[in-house]
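File shown here: query.tsv, holding TSV, C-alpha atoms.
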chain	number	residue	atom	x	y	z
R	103	MET	CA	-67.87	-26.39	31.66
R	104	ALA	CA	-65.45	-26.01	28.78
R	105	SER	CA	-66.35	-23.44	26.13
R	106	THR	CA	-67.04	-24.32	22.52
R	107	GLN	CA	-63.67	-22.90	21.48
R	108	GLU	CA	-61.85	-25.02	24.08
R	109	LEU	CA	-63.67	-28.14	22.92
R	110	SER	CA	-62.71	-27.33	19.33
R	111	VAL	CA	-59.03	-27.06	20.30
R	112	LEU	CA	-59.15	-30.35	22.20
R	113	ALA	CA	-60.93	-32.00	19.28
R	114	ASP	CA	-58.27	-30.82	16.82
R	115	LEU	CA	-55.51	-32.16	19.07
R	116	ALA	CA	-57.18	-35.49	19.82
R	117	PHE	CA	-58.58	-36.24	16.38
R	118	GLY	CA	-55.43	-35.04	14.64
R	119	SER	CA	-53.28	-37.29	16.85
R	120	ILE	CA	-55.40	-40.35	16.11
R	121	ALA	CA	-55.44	-39.61	12.38
R	122	GLY	CA	-51.67	-39.07	12.33
R	123	VAL	CA	-50.87	-42.34	14.09
R	124	ALA	CA	-53.23	-44.31	11.84
R	125	SER	CA	-51.64	-42.94	8.66
R	126	LYS	CA	-48.06	-43.35	9.89
R	127	LEU	CA	-48.53	-47.04	10.70
R	128	ILE	CA	-49.61	-47.56	7.10
R	129	GLU	CA	-47.07	-45.40	5.32
R	130	HIS	CA	-43.83	-45.83	7.30
R	131	PRO	CA	-42.41	-48.83	5.37
R	132	ALA	CA	-42.82	-46.92	2.10
R	133	ASP	CA	-41.23	-43.85	3.69
R	134	THR	CA	-38.21	-45.95	4.70
R	135	VAL	CA	-37.78	-47.18	1.12
R	136	LYS	CA	-38.04	-43.62	-0.17
R	137	THR	CA	-35.41	-42.31	2.25
R	138	VAL	CA	-32.96	-45.11	1.43
R	139	MET	CA	-33.44	-44.56	-2.31
R	140	GLN	CA	-32.70	-40.85	-1.90
R	141	THR	CA	-29.37	-41.58	-0.19
R	142	GLN	CA	-28.24	-44.62	-2.21
R	143	THR	CA	-26.81	-44.27	-5.71
R	144	ILE	CA	-25.10	-46.62	-8.14
R	145	LYS	CA	-22.45	-45.59	-10.63
R	146	SER	CA	-23.29	-46.94	-14.04
R	147	PRO	CA	-20.70	-48.05	-16.63
R	148	ARG	CA	-21.12	-44.63	-18.23
R	149	SER	CA	-20.06	-42.98	-14.97
R	150	SER	CA	-23.42	-41.33	-14.37
R	151	SER	CA	-25.25	-41.66	-11.10
R	152	GLN	CA	-28.35	-43.82	-11.18
R	153	SER	CA	-30.73	-44.48	-8.30
R	154	ILE	CA	-31.69	-48.02	-7.42
R	155	GLY	CA	-35.25	-49.07	-8.14
R	156	THR	CA	-38.00	-49.56	-5.60
R	157	ILE	CA	-37.96	-53.36	-5.81
R	158	GLU	CA	-34.18	-53.55	-5.54
R	159	CYS	CA	-34.26	-51.20	-2.57
R	160	CYS	CA	-36.83	-53.39	-0.81
R	161	LYS	CA	-34.68	-56.47	-1.43
R	162	MET	CA	-31.63	-54.68	-0.10
R	163	ILE	CA	-33.37	-53.67	3.14
R	164	MET	CA	-34.80	-57.17	3.58
R	165	ARG	CA	-31.43	-58.86	3.10
R	166	GLN	CA	-29.60	-56.42	5.32
R	167	GLU	CA	-32.01	-56.19	8.26
R	168	GLY	CA	-35.13	-58.23	7.58
R	169	PRO	CA	-38.71	-56.95	7.97
R	170	ARG	CA	-37.72	-54.83	10.97
R	171	GLY	CA	-35.61	-52.69	8.67
R	172	PHE	CA	-38.75	-51.20	7.12
R	173	PHE	CA	-39.83	-49.86	10.51
R	174	LYS	CA	-36.63	-48.10	11.54
R	175	GLY	CA	-37.35	-44.75	13.13
R	176	LEU	CA	-41.02	-45.62	13.63
R	177	SER	CA	-41.12	-44.53	17.27
R	178	ALA	CA	-39.91	-41.06	16.35
R	179	GLN	CA	-42.35	-40.95	13.47
R	180	LEU	CA	-45.34	-41.98	15.58
R	181	PHE	CA	-44.50	-39.31	18.11
R	182	GLY	CA	-43.97	-36.83	15.31
R	183	ALA	CA	-47.21	-37.83	13.58
R	184	MET	CA	-49.21	-37.19	16.75
R	185	LEU	CA	-47.66	-33.75	17.17
R	186	GLU	CA	-47.65	-32.86	13.49
R	187	THR	CA	-51.17	-33.83	12.50
R	188	SER	CA	-52.82	-32.48	15.64
R	189	ALA	CA	-50.87	-29.22	15.44
R	190	VAL	CA	-51.37	-28.81	11.71
R	191	PHE	CA	-55.17	-29.05	12.00
R	192	LEU	CA	-55.15	-26.74	15.04
R	193	MET	CA	-53.02	-24.14	13.23
R	194	TYR	CA	-55.05	-24.51	10.06
R	195	ASN	CA	-58.35	-23.85	11.81
R	196	ASN	CA	-56.87	-20.94	13.79
R	197	ALA	CA	-55.50	-19.48	10.55
R	198	GLN	CA	-59.00	-19.64	9.08
R	199	THR	CA	-60.33	-17.72	12.08
R	200	ALA	CA	-57.63	-15.08	11.59
R	201	VAL	CA	-58.42	-14.76	7.86
R	202	ARG	CA	-62.12	-14.31	8.62
R	203	LEU	CA	-61.31	-11.54	11.09
R	204	VAL	CA	-59.07	-9.74	8.61
R	205	SER	CA	-61.49	-10.11	5.69
R	206	ASN	CA	-64.64	-9.59	7.79
R	207	LYS	CA	-66.15	-12.87	6.64
R	208	PRO	CA	-68.69	-14.51	8.97
R	209	ALA	CA	-68.47	-18.20	9.88
R	210	ASN	CA	-71.30	-19.14	7.52
R	211	VAL	CA	-69.43	-17.81	4.46
R	212	SER	CA	-66.94	-20.21	2.90
R	213	LEU	CA	-63.37	-19.10	2.33
R	214	SER	CA	-62.00	-19.28	-1.19
R	215	THR	CA	-59.55	-22.00	-2.26
R	216	ALA	CA	-56.76	-19.39	-2.37
R	217	GLU	CA	-57.53	-18.29	1.20
R	218	LEU	CA	-57.62	-21.88	2.44
R	219	THR	CA	-54.33	-22.59	0.67
R	220	ALA	CA	-52.80	-19.57	2.43
R	221	CYS	CA	-54.09	-20.94	5.75
R	222	GLY	CA	-52.39	-24.23	4.98
R	223	PHE	CA	-49.16	-22.42	4.11
R	224	LEU	CA	-49.17	-20.67	7.49
R	225	SER	CA	-49.90	-23.96	9.23
R	226	GLY	CA	-47.01	-25.69	7.46
R	227	THR	CA	-44.65	-22.84	8.29
R	228	GLY	CA	-45.27	-23.31	12.00
R	229	ILE	CA	-45.09	-27.08	11.90
R	230	SER	CA	-41.70	-27.09	10.13
R	231	PHE	CA	-39.95	-26.02	13.36
R	232	LEU	CA	-41.44	-29.00	15.17
R	233	LEU	CA	-40.74	-31.51	12.42
R	234	THR	CA	-37.10	-30.79	11.61
R	235	PRO	CA	-35.58	-32.62	14.63
R	236	ILE	CA	-38.05	-35.49	14.25
R	237	GLU	CA	-37.26	-35.87	10.55
R	238	LEU	CA	-33.53	-35.80	11.26
R	239	VAL	CA	-33.81	-38.64	13.78
R	240	LYS	CA	-36.00	-40.65	11.43
R	241	CYS	CA	-33.68	-40.24	8.43
R	242	LYS	CA	-30.53	-41.17	10.35
R	243	LEU	CA	-32.14	-44.35	11.69
R	244	GLN	CA	-33.49	-45.33	8.28
R	245	VAL	CA	-30.21	-45.11	6.37
R	246	GLN	CA	-27.57	-45.86	9.02
R	247	ALA	CA	-26.68	-49.38	7.81
R	248	VAL	CA	-27.00	-48.83	4.06
R	249	PRO	CA	-23.76	-48.99	2.04
R	250	ILE	CA	-23.28	-45.99	-0.21
R	251	VAL	CA	-21.06	-45.72	-3.28
R	252	SER	CA	-19.11	-42.60	-2.47
R	253	LYS	CA	-16.74	-42.15	-5.41
R	254	ARG	CA	-16.61	-42.93	-9.09
R	255	VAL	CA	-15.00	-46.25	-10.05
R	256	SER	CA	-13.67	-46.88	-13.57
R	257	VAL	CA	-15.47	-49.68	-15.40
R	258	VAL	CA	-14.44	-51.89	-18.32
R	259	SER	CA	-16.59	-54.44	-20.05
R	260	SER	CA	-14.04	-57.25	-19.55
R	261	ALA	CA	-14.05	-56.98	-15.77
R	262	PRO	CA	-16.62	-59.08	-13.91
R	263	ALA	CA	-19.01	-57.16	-11.69
R	264	SER	CA	-19.81	-58.30	-8.19
R	265	THR	CA	-23.15	-58.23	-6.46
R	266	ILE	CA	-23.88	-56.15	-3.36
R	267	PHE	CA	-27.23	-56.51	-1.63
R	268	GLY	CA	-29.07	-57.50	-4.77
R	269	PHE	CA	-27.72	-54.98	-7.26
R	270	ARG	CA	-24.61	-55.09	-9.43
R	271	SER	CA	-21.67	-53.03	-8.27
R	272	PRO	CA	-19.16	-51.36	-10.62
R	273	ALA	CA	-16.36	-53.57	-11.92
R	274	ILE	CA	-12.71	-52.68	-11.30
R	275	SER	CA	-10.71	-51.27	-14.20
R	276	VAL	CA	-7.54	-52.80	-15.65
R	277	SER	CA	-5.66	-49.65	-14.62
R	278	ALA	CA	-6.50	-50.40	-10.99
R	279	ILE	CA	-5.08	-53.92	-11.42
R	280	LYS	CA	-1.89	-52.51	-12.91
R	281	LEU	CA	-1.45	-50.20	-9.95
R	282	HIS	CA	-1.92	-53.12	-7.61
R	283	LEU	CA	0.60	-55.28	-9.47
R	284	ALA	CA	3.06	-52.40	-9.65
R	285	ALA	CA	2.96	-52.13	-5.88
R	286	THR	CA	3.30	-55.85	-5.28
R	287	ALA	CA	5.55	-57.01	-8.11
R	288	SER	CA	7.57	-53.89	-9.05
R	289	LEU	CA	5.76	-53.67	-12.36
R	290	PRO	CA	5.63	-50.15	-13.83
R	291	ALA	CA	2.07	-48.95	-13.80
R	292	SER	CA	2.37	-47.68	-17.34
R	293	SER	CA	3.61	-50.95	-18.84
R	294	SER	CA	1.34	-53.30	-20.73
R	295	LEU	CA	0.43	-56.66	-19.23
R	296	PRO	CA	-0.90	-59.66	-21.13
R	297	ALA	CA	-4.21	-60.92	-19.80
R	298	SER	CA	-2.64	-64.34	-19.15
R	299	GLN	CA	-0.30	-62.82	-16.57
R	300	ILE	CA	-3.02	-61.21	-14.48
R	301	PRO	CA	-3.35	-63.18	-11.23
R	302	SER	CA	-6.73	-64.73	-10.53
R	303	ASN	CA	-7.02	-62.80	-7.25
R	304	ALA	CA	-6.27	-59.41	-8.82
R	305	PHE	CA	-9.91	-58.46	-9.13
R	306	SER	CA	-10.82	-59.40	-5.59
R	307	THR	CA	-7.75	-57.60	-4.23
R	308	ALA	CA	-8.51	-54.45	-6.18
R	309	ALA	CA	-12.16	-54.71	-5.27
R	310	SER	CA	-11.28	-54.68	-1.61
R	311	THR	CA	-9.79	-51.22	-2.10
R	312	ALA	CA	-12.69	-49.88	-4.13
R	313	PRO	CA	-13.95	-46.58	-2.72
R	314	VAL	CA	-17.17	-47.82	-1.19
R	315	SER	CA	-18.08	-46.34	2.15
R	316	THR	CA	-20.66	-47.33	4.75
R	317	LYS	CA	-22.15	-45.59	7.71
R	318	GLN	CA	-19.90	-46.37	10.66
R	319	ARG	CA	-22.06	-45.05	13.48
R	320	HIS	CA	-24.83	-47.46	14.43
R	321	PHE	CA	-27.58	-45.84	16.49
R	322	SER	CA	-29.51	-47.94	18.98
R	323	GLY	CA	-32.60	-45.74	18.81
R	324	SER	CA	-34.04	-42.25	18.68
R	325	LEU	CA	-32.50	-41.08	21.96
R	326	ASP	CA	-29.08	-42.30	20.83
R	327	VAL	CA	-29.37	-40.18	17.66
R	328	ILE	CA	-30.36	-37.13	19.72
R	329	ARG	CA	-27.50	-37.57	22.20
R	330	HIS	CA	-24.93	-38.12	19.47
R	331	THR	CA	-26.14	-35.13	17.43
R	332	ILE	CA	-26.07	-32.76	20.40
R	333	LYS	CA	-22.64	-34.05	21.44
R	334	THR	CA	-21.07	-33.65	17.99
R	335	GLU	CA	-22.97	-30.66	16.59
R	336	GLY	CA	-24.74	-29.00	19.50
R	337	LEU	CA	-28.43	-28.17	19.67
R	338	ARG	CA	-28.24	-26.53	16.25
R	339	GLY	CA	-27.43	-29.96	14.82
R	340	LEU	CA	-30.99	-31.09	15.53
R	341	PHE	CA	-32.22	-28.44	13.12
R	342	ARG	CA	-29.99	-29.41	10.23
R	343	GLY	CA	-32.10	-29.33	7.09
R	344	HIS	CA	-34.65	-26.87	8.48
R	345	SER	CA	-34.59	-24.66	5.40
R	346	ALA	CA	-35.61	-27.60	3.21
R	347	THR	CA	-38.18	-28.76	5.78
R	348	PHE	CA	-39.62	-25.23	5.86
R	349	TRP	CA	-40.18	-25.15	2.11
R	350	ARG	CA	-41.49	-28.71	2.04
R	351	GLU	CA	-43.98	-28.15	4.84
R	352	SER	CA	-45.15	-24.62	4.01
R	353	ILE	CA	-45.72	-25.23	0.31
R	354	GLY	CA	-46.75	-28.86	0.75
R	355	THR	CA	-49.27	-28.18	3.52
R	356	GLY	CA	-50.73	-25.22	1.62
R	357	VAL	CA	-51.23	-27.35	-1.49
R	358	TRP	CA	-52.47	-30.27	0.66
R	359	PHE	CA	-55.29	-28.32	2.28
R	360	GLY	CA	-56.02	-26.28	-0.85
R	361	ALA	CA	-56.40	-29.38	-3.03
R	362	TYR	CA	-58.49	-31.15	-0.41
R	363	GLU	CA	-60.88	-28.24	0.11
R	364	HIS	CA	-61.21	-27.69	-3.65
R	365	ALA	CA	-62.00	-31.37	-4.24
R	366	CYS	CA	-64.54	-31.34	-1.41
R	367	ALA	CA	-66.14	-28.18	-2.80
R	368	GLN	CA	-66.57	-29.82	-6.21
R	369	MET	CA	-68.19	-32.87	-4.60
R	370	ARG	CA	-70.49	-30.73	-2.45
R	371	ALA	CA	-71.59	-28.75	-5.52
R	372	ARG	CA	-72.61	-31.91	-7.37
R	373	GLY	CA	-74.86	-33.00	-4.53
R	374	ASN	CA	-75.99	-29.55	-3.39
R	375	ARG	CA	-74.50	-30.09	0.06
R	376	ALA	CA	-73.49	-27.32	2.45
R	377	SER	CA	-70.49	-28.73	4.34
R	378	ASN	CA	-67.94	-31.54	4.40
R	379	ASP	CA	-70.00	-33.21	7.15
R	380	GLU	CA	-72.48	-34.20	4.45
R	381	LEU	CA	-69.89	-36.00	2.32
R	382	ASN	CA	-69.77	-39.79	2.56
R	383	SER	CA	-66.69	-41.85	3.38
R	384	SER	CA	-65.78	-42.65	-0.23
R	385	GLU	CA	-65.89	-38.96	-1.15
R	386	LEU	CA	-63.67	-38.04	1.79
R	387	VAL	CA	-61.23	-40.78	0.83
R	388	GLY	CA	-61.17	-39.56	-2.78
R	389	ALA	CA	-60.59	-35.92	-1.81
R	390	GLY	CA	-57.91	-36.92	0.69
R	391	ALA	CA	-56.10	-39.13	-1.81
R	392	ILE	CA	-56.11	-36.41	-4.48
R	393	SER	CA	-54.70	-33.83	-2.07
R	394	GLY	CA	-51.98	-36.19	-0.86
R	395	ILE	CA	-50.84	-37.08	-4.38
R	396	VAL	CA	-50.77	-33.46	-5.59
R	397	ALA	CA	-49.00	-32.12	-2.50
R	398	SER	CA	-46.41	-34.91	-2.51
R	399	TRP	CA	-45.53	-34.32	-6.15
R	400	VAL	CA	-45.20	-30.55	-5.68
R	401	CYS	CA	-42.96	-30.62	-2.60
R	402	PHE	CA	-40.92	-33.76	-3.35
R	403	PRO	CA	-37.79	-31.93	-4.61
R	404	ALA	CA	-37.57	-30.08	-1.28
R	405	ASP	CA	-37.88	-33.43	0.50
R	406	ALA	CA	-34.98	-34.84	-1.53
R	407	VAL	CA	-32.81	-31.88	-0.54
R	408	LYS	CA	-33.85	-32.26	3.11
R	409	THR	CA	-32.84	-35.92	3.13
R	410	ARG	CA	-29.46	-35.07	1.61
R	411	MET	CA	-28.84	-32.39	4.24
R	412	GLN	CA	-29.92	-34.51	7.19
R	413	THR	CA	-28.06	-37.70	6.25
R	414	ALA	CA	-24.75	-36.04	5.37
R	415	ASP	CA	-21.90	-36.96	7.71
R	416	THR	CA	-20.93	-34.70	10.60
R	417	GLY	CA	-18.13	-33.20	8.56
R	418	SER	CA	-20.79	-31.79	6.22
R	419	ALA	CA	-22.68	-30.09	9.05
R	420	LYS	CA	-22.66	-26.77	7.18
R	421	LEU	CA	-24.22	-28.27	4.04
R	422	GLY	CA	-26.83	-25.72	3.04
R	423	PHE	CA	-29.96	-25.91	0.93
R	424	ALA	CA	-28.30	-24.54	-2.21
R	425	SER	CA	-25.20	-26.74	-1.98
R	426	ALA	CA	-27.28	-29.85	-1.26
R	427	ALA	CA	-29.53	-29.11	-4.25
R	428	GLU	CA	-26.47	-28.45	-6.43
R	429	GLY	CA	-24.95	-31.78	-5.38
R	430	ILE	CA	-28.09	-33.66	-6.38
R	431	TRP	CA	-28.25	-31.81	-9.70
R	432	LYS	CA	-24.63	-32.55	-10.59
R	433	LYS	CA	-24.86	-36.24	-9.72
R	434	GLN	CA	-28.27	-37.15	-11.08
R	435	GLY	CA	-29.82	-34.17	-12.82
R	436	VAL	CA	-33.49	-33.34	-12.47
R	437	THR	CA	-34.39	-37.00	-11.88
R	438	GLY	CA	-32.38	-36.92	-8.66
R	439	PHE	CA	-34.98	-34.62	-7.13
R	440	TYR	CA	-37.64	-37.27	-7.73
R	441	THR	CA	-35.75	-40.37	-6.61
R	442	GLY	CA	-38.24	-42.56	-4.75
R	443	SER	CA	-41.16	-40.35	-5.81
R	444	ALA	CA	-43.31	-43.16	-7.23
R	445	ILE	CA	-43.66	-45.07	-3.99
R	446	THR	CA	-43.86	-41.84	-1.98
R	447	ILE	CA	-46.63	-40.29	-4.05
R	448	ALA	CA	-48.59	-43.55	-3.90
R	449	ARG	CA	-48.28	-43.86	-0.11
R	450	SER	CA	-49.04	-40.12	0.30
R	451	GLY	CA	-52.37	-40.66	-1.42
R	452	VAL	CA	-53.21	-43.53	0.93
R	453	SER	CA	-52.03	-41.81	4.12
R	454	SER	CA	-53.77	-38.55	3.23
R	455	ALA	CA	-57.01	-40.41	2.60
R	456	VAL	CA	-56.68	-42.09	6.01
R	457	ILE	CA	-55.96	-38.79	7.76
R	458	PHE	CA	-58.91	-36.87	6.34
R	459	LEU	CA	-61.33	-39.79	6.64
R	460	THR	CA	-60.35	-40.33	10.28
R	461	TYR	CA	-60.39	-36.64	11.17
R	462	GLU	CA	-63.69	-35.81	9.46
R	463	SER	CA	-65.38	-38.97	10.78
R	464	LEU	CA	-64.34	-38.20	14.36
R	465	LYS	CA	-65.56	-34.61	13.98
R	466	LYS	CA	-69.02	-35.91	13.14
R	467	LEU	CA	-69.17	-37.54	16.56
R	468	LEU	CA	-69.17	-34.16	18.32
Structure translated into structure tokens:
Amino acid sequence: MASTQELSVLADLAFGSIAGVASKLIEHPADTVKTVMQTQTIKSPRSSSQSIGTIECCKMIMRQEGPRGFFKGLSAQLFGAMLETSAVFLMYNNAQTAVRLVSNKPANVSLSTAELTACGFLSGTGISFLLTPIELVKCKLQVQAVPIVSKRVSVVSSAPASTIFGFRSPAISVSAIKLHLAATASLPASSSLPASQIPSNAFSTAASTAPVSTKQRHFSGSLDVIRHTIKTEGLRGLFRGHSATFWRESIGTGVWFGAYEHACAQMRARGNRASNDELNSSELVGAGAISGIVASWVCFPADAVKTRMQTADTGSAKLGFASAAEGIWKKQGVTGFYTGSAITIARSGVSSAVIFLTYESLKKLL
């Protein structure tokens, strides 16, 4: 017969997998919106980068690809969720065992919140190596068909703006029209031109040369992303963005477990209960939601940097953590590190509640 320790390992793997899949099915559409928002920017008339809103992003995805667009990369995410959640609980519980051995604490003595947070940090550190390739595949599939404004375009109030996928694009400046006319009608670019002499098609012609780029490579699925990445960047390409994933997972997982255990401890104290097994479903949902919201807010800047690193074109393969963070800062300032945070923090609360409720409920069946 299997030992108690072996059963505990199998339970962590099985229950964690089920909890991970359940949460991912719920949260993936919101995750897609978040990833697209992090990679899509609009240049405002004041030449500052502004991120599109959540509603506009949803409209853009719906118009471009329909409902299926919200579930791009889901297969990779489901696989990743099974591995991640099962492994993270297994590593977390093993880390607790190690801490008890080092501190000589018996199993019936609760670890402090700081110790449990450290266990979560160690768990997240290990899981980051597993998640980096999965996150890369997911991000590339989620943003592959989204048009991205790549360069600044001059804007004047008299030029009509066009509409691209539900949001207004920058208008073309008069100087751009002059350059076009100079090339086609031998008009010096520096000369003045009465508005009455500007051809009616000047705006559309100039607009066609506006520096707007789109992703050219269309991936058919997760395996296609993996093959293309290995072919163009080698095996190391699958681990692009690992530094950001490391910080996101180590800090985020530490805060996630620490906040959850602290919330559970407060609830147990109010009812004079000894373990989490005695908490009811609503209490587990509340503790899980709190931990998800707090952890998501804390580690979101690292997630923004990770997305930037993993969705950069192949020519930017050497884009590091510092340069990616600097690029976000220069374009959007501190708000750029929280682009898409509202919908992400909300869905993190829901998915975290689902994970802990599922995991703790299944544990009670043993």
**Message:** Restricting the calculation to all atoms listed in the file: of R:Ala397, R:Ala404, R:Cys159, R:Leu238, which residue gets closest to Arg342 (chain R)?
**Reply:**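 Counting all atoms listed in the file, the residue closest to Arg342 (chain R) is R:Leu238.
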**Request:** Step by step: start from the point (-49.1, -48.0, 1.1) in the file's coordinates, keep every protein, DNA or RNA residue that has an atom no farther than 12 Å from it, count all atoms listed in the file, and write the set as a list in words.
**Result:**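 Final list of nearby residues, as requested, is Ser125, Lys126, Leu127, Ile128, Glu129, His130, Pro131, Ala132, Asp133, Thr134, Val135, Lys136, Ala391, Ala444, Ile445, Thr446, Ile447, Ala448, Arg449, Ser450, Gly451, Val452, Ser453, Ser454, Ala455 and Val456 of chain R.
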Residue selection dump (C-alpha atoms) as an mmCIF file, in the frame of the given file:
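Result file out20.cif:
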data_model
loop_
_atom_site.group_PDB
_atom_site.id
_atom_site.type_symbol
_atom_site.label_atom_id
_atom_site.label_comp_id
_atom_site.auth_asym_id
_atom_site.auth_seq_id
_atom_site.Cartn_x
_atom_site.Cartn_y
_atom_site.Cartn_z
ATOM 1 C CA SER R 125 -51.640 -42.940 8.660
ATOM 2 C CA LYS R 126 -48.060 -43.350 9.890
ATOM 3 C CA LEU R 127 -48.530 -47.040 10.700
ATOM 4 C CA ILE R 128 -49.610 -47.560 7.100
ATOM 5 C CA GLU R 129 -47.070 -45.400 5.320
ATOM 6 C CA HIS R 130 -43.830 -45.830 7.300
ATOM 7 C CA PRO R 131 -42.410 -48.830 5.370
ATOM 8 C CA ALA R 132 -42.820 -46.920 2.100
ATOM 9 C CA ASP R 133 -41.230 -43.850 3.690
ATOM 10 C CA THR R 134 -38.210 -45.950 4.700
ATOM 11 C CA VAL R 135 -37.780 -47.180 1.120
ATOM 12 C CA LYS R 136 -38.040 -43.620 -0.170
ATOM 13 C CA ALA R 391 -56.100 -39.130 -1.810
ATOM 14 C CA ALA R 444 -43.310 -43.160 -7.230
ATOM 15 C CA ILE R 445 -43.660 -45.070 -3.990
ATOM 16 C CA THR R 446 -43.860 -41.840 -1.980
ATOM 17 C CA ILE R 447 -46.630 -40.290 -4.050
ATOM 18 C CA ALA R 448 -48.590 -43.550 -3.900
ATOM 19 C CA ARG R 449 -48.280 -43.860 -0.110
ATOM 20 C CA SER R 450 -49.040 -40.120 0.300
ATOM 21 C CA GLY R 451 -52.370 -40.660 -1.420
ATOM 22 C CA VAL R 452 -53.210 -43.530 0.930
ATOM 23 C CA SER R 453 -52.030 -41.810 4.120
ATOM 24 C CA SER R 454 -53.770 -38.550 3.230
ATOM 25 C CA ALA R 455 -57.010 -40.410 2.600
ATOM 26 C CA VAL R 456 -56.680 -42.090 6.010
#
**Asked** Interatomic distance between CA of Asp405 (chain R) and CA of Ser214 (chain R)?
**Response** 28.0 Å
**Point-to-point distance in Å for CA of Gly388 (chain R) and CA of Leu464 (chain R)** =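 That distance, rounded to one decimal, is 17.5 Å.
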Can you build me a table of region 318-381 of chain R residues sitting at most 10 Å from region 173-183 of chain R, with the closest atom pair per residue and its distance in Å to one decimal, using only C-alpha atoms, sorted by chain and residue number, as a tab-separated table?
residue	atom	partner	partner_atom	distance
R:Gly323	CA	R:Gly175	CA	7.5
R:Ser324	CA	R:Ala178	CA	6.4
R:Leu325	CA	R:Ala178	CA	9.3
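With CA of Glu217 (chain R) on one side and CA of Leu203 (chain R) on the other, the separation reads 12.6 Å.
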**Request:** Within 8 Å of (-30.3, -32.5, -6.0) (coordinates as in the file), grab all the protein and nucleic acid residues, counting only C-alpha atoms, and write them out as a PyMOL selection string.
**Result:** chain R and resi 403+406-407+426-436+438-439
**Request:** Considering all atoms listed in the file, state which residue in the set R:Ile332, R:Gly390, R:Thr355, R:Gln244 is at the smallest distance from His320 (chain R).
**Result:**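 Checking each of R:Ile332, R:Gly390, R:Thr355, R:Gln244 against His320 (chain R), counting all atoms listed in the file, the winner is R:Gln244.
Closest to Val138 (chain R) among R:Leu467, R:Ile120, R:Val245, R:Val190 is R:Val245, based on only C-alpha atoms.
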**Item:** Best match for closeness to Val239 (chain R) among R:Gln140, R:Arg338, R:Gly373, R:Thr413, counting only C-alpha atoms
**Value:**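 Among R:Gln140, R:Arg338, R:Gly373, R:Thr413, it is R:Thr413 that comes nearest to Val239 (chain R).
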**Request:** Extract, using all atoms listed in the file, all DNA, RNA and protein residues at most 12 Å from Ala376 (chain R), discarding same-chain residues fewer than 5 positions from it, and format them as a ChimeraX atom specification.
**Result:** /R:210-212,366-371,381
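Considering all atoms listed in the file, the residue among R:Glu385, R:Asp379, R:Glu363, R:Glu186 positioned nearest to Leu468 (chain R) is R:Asp379.
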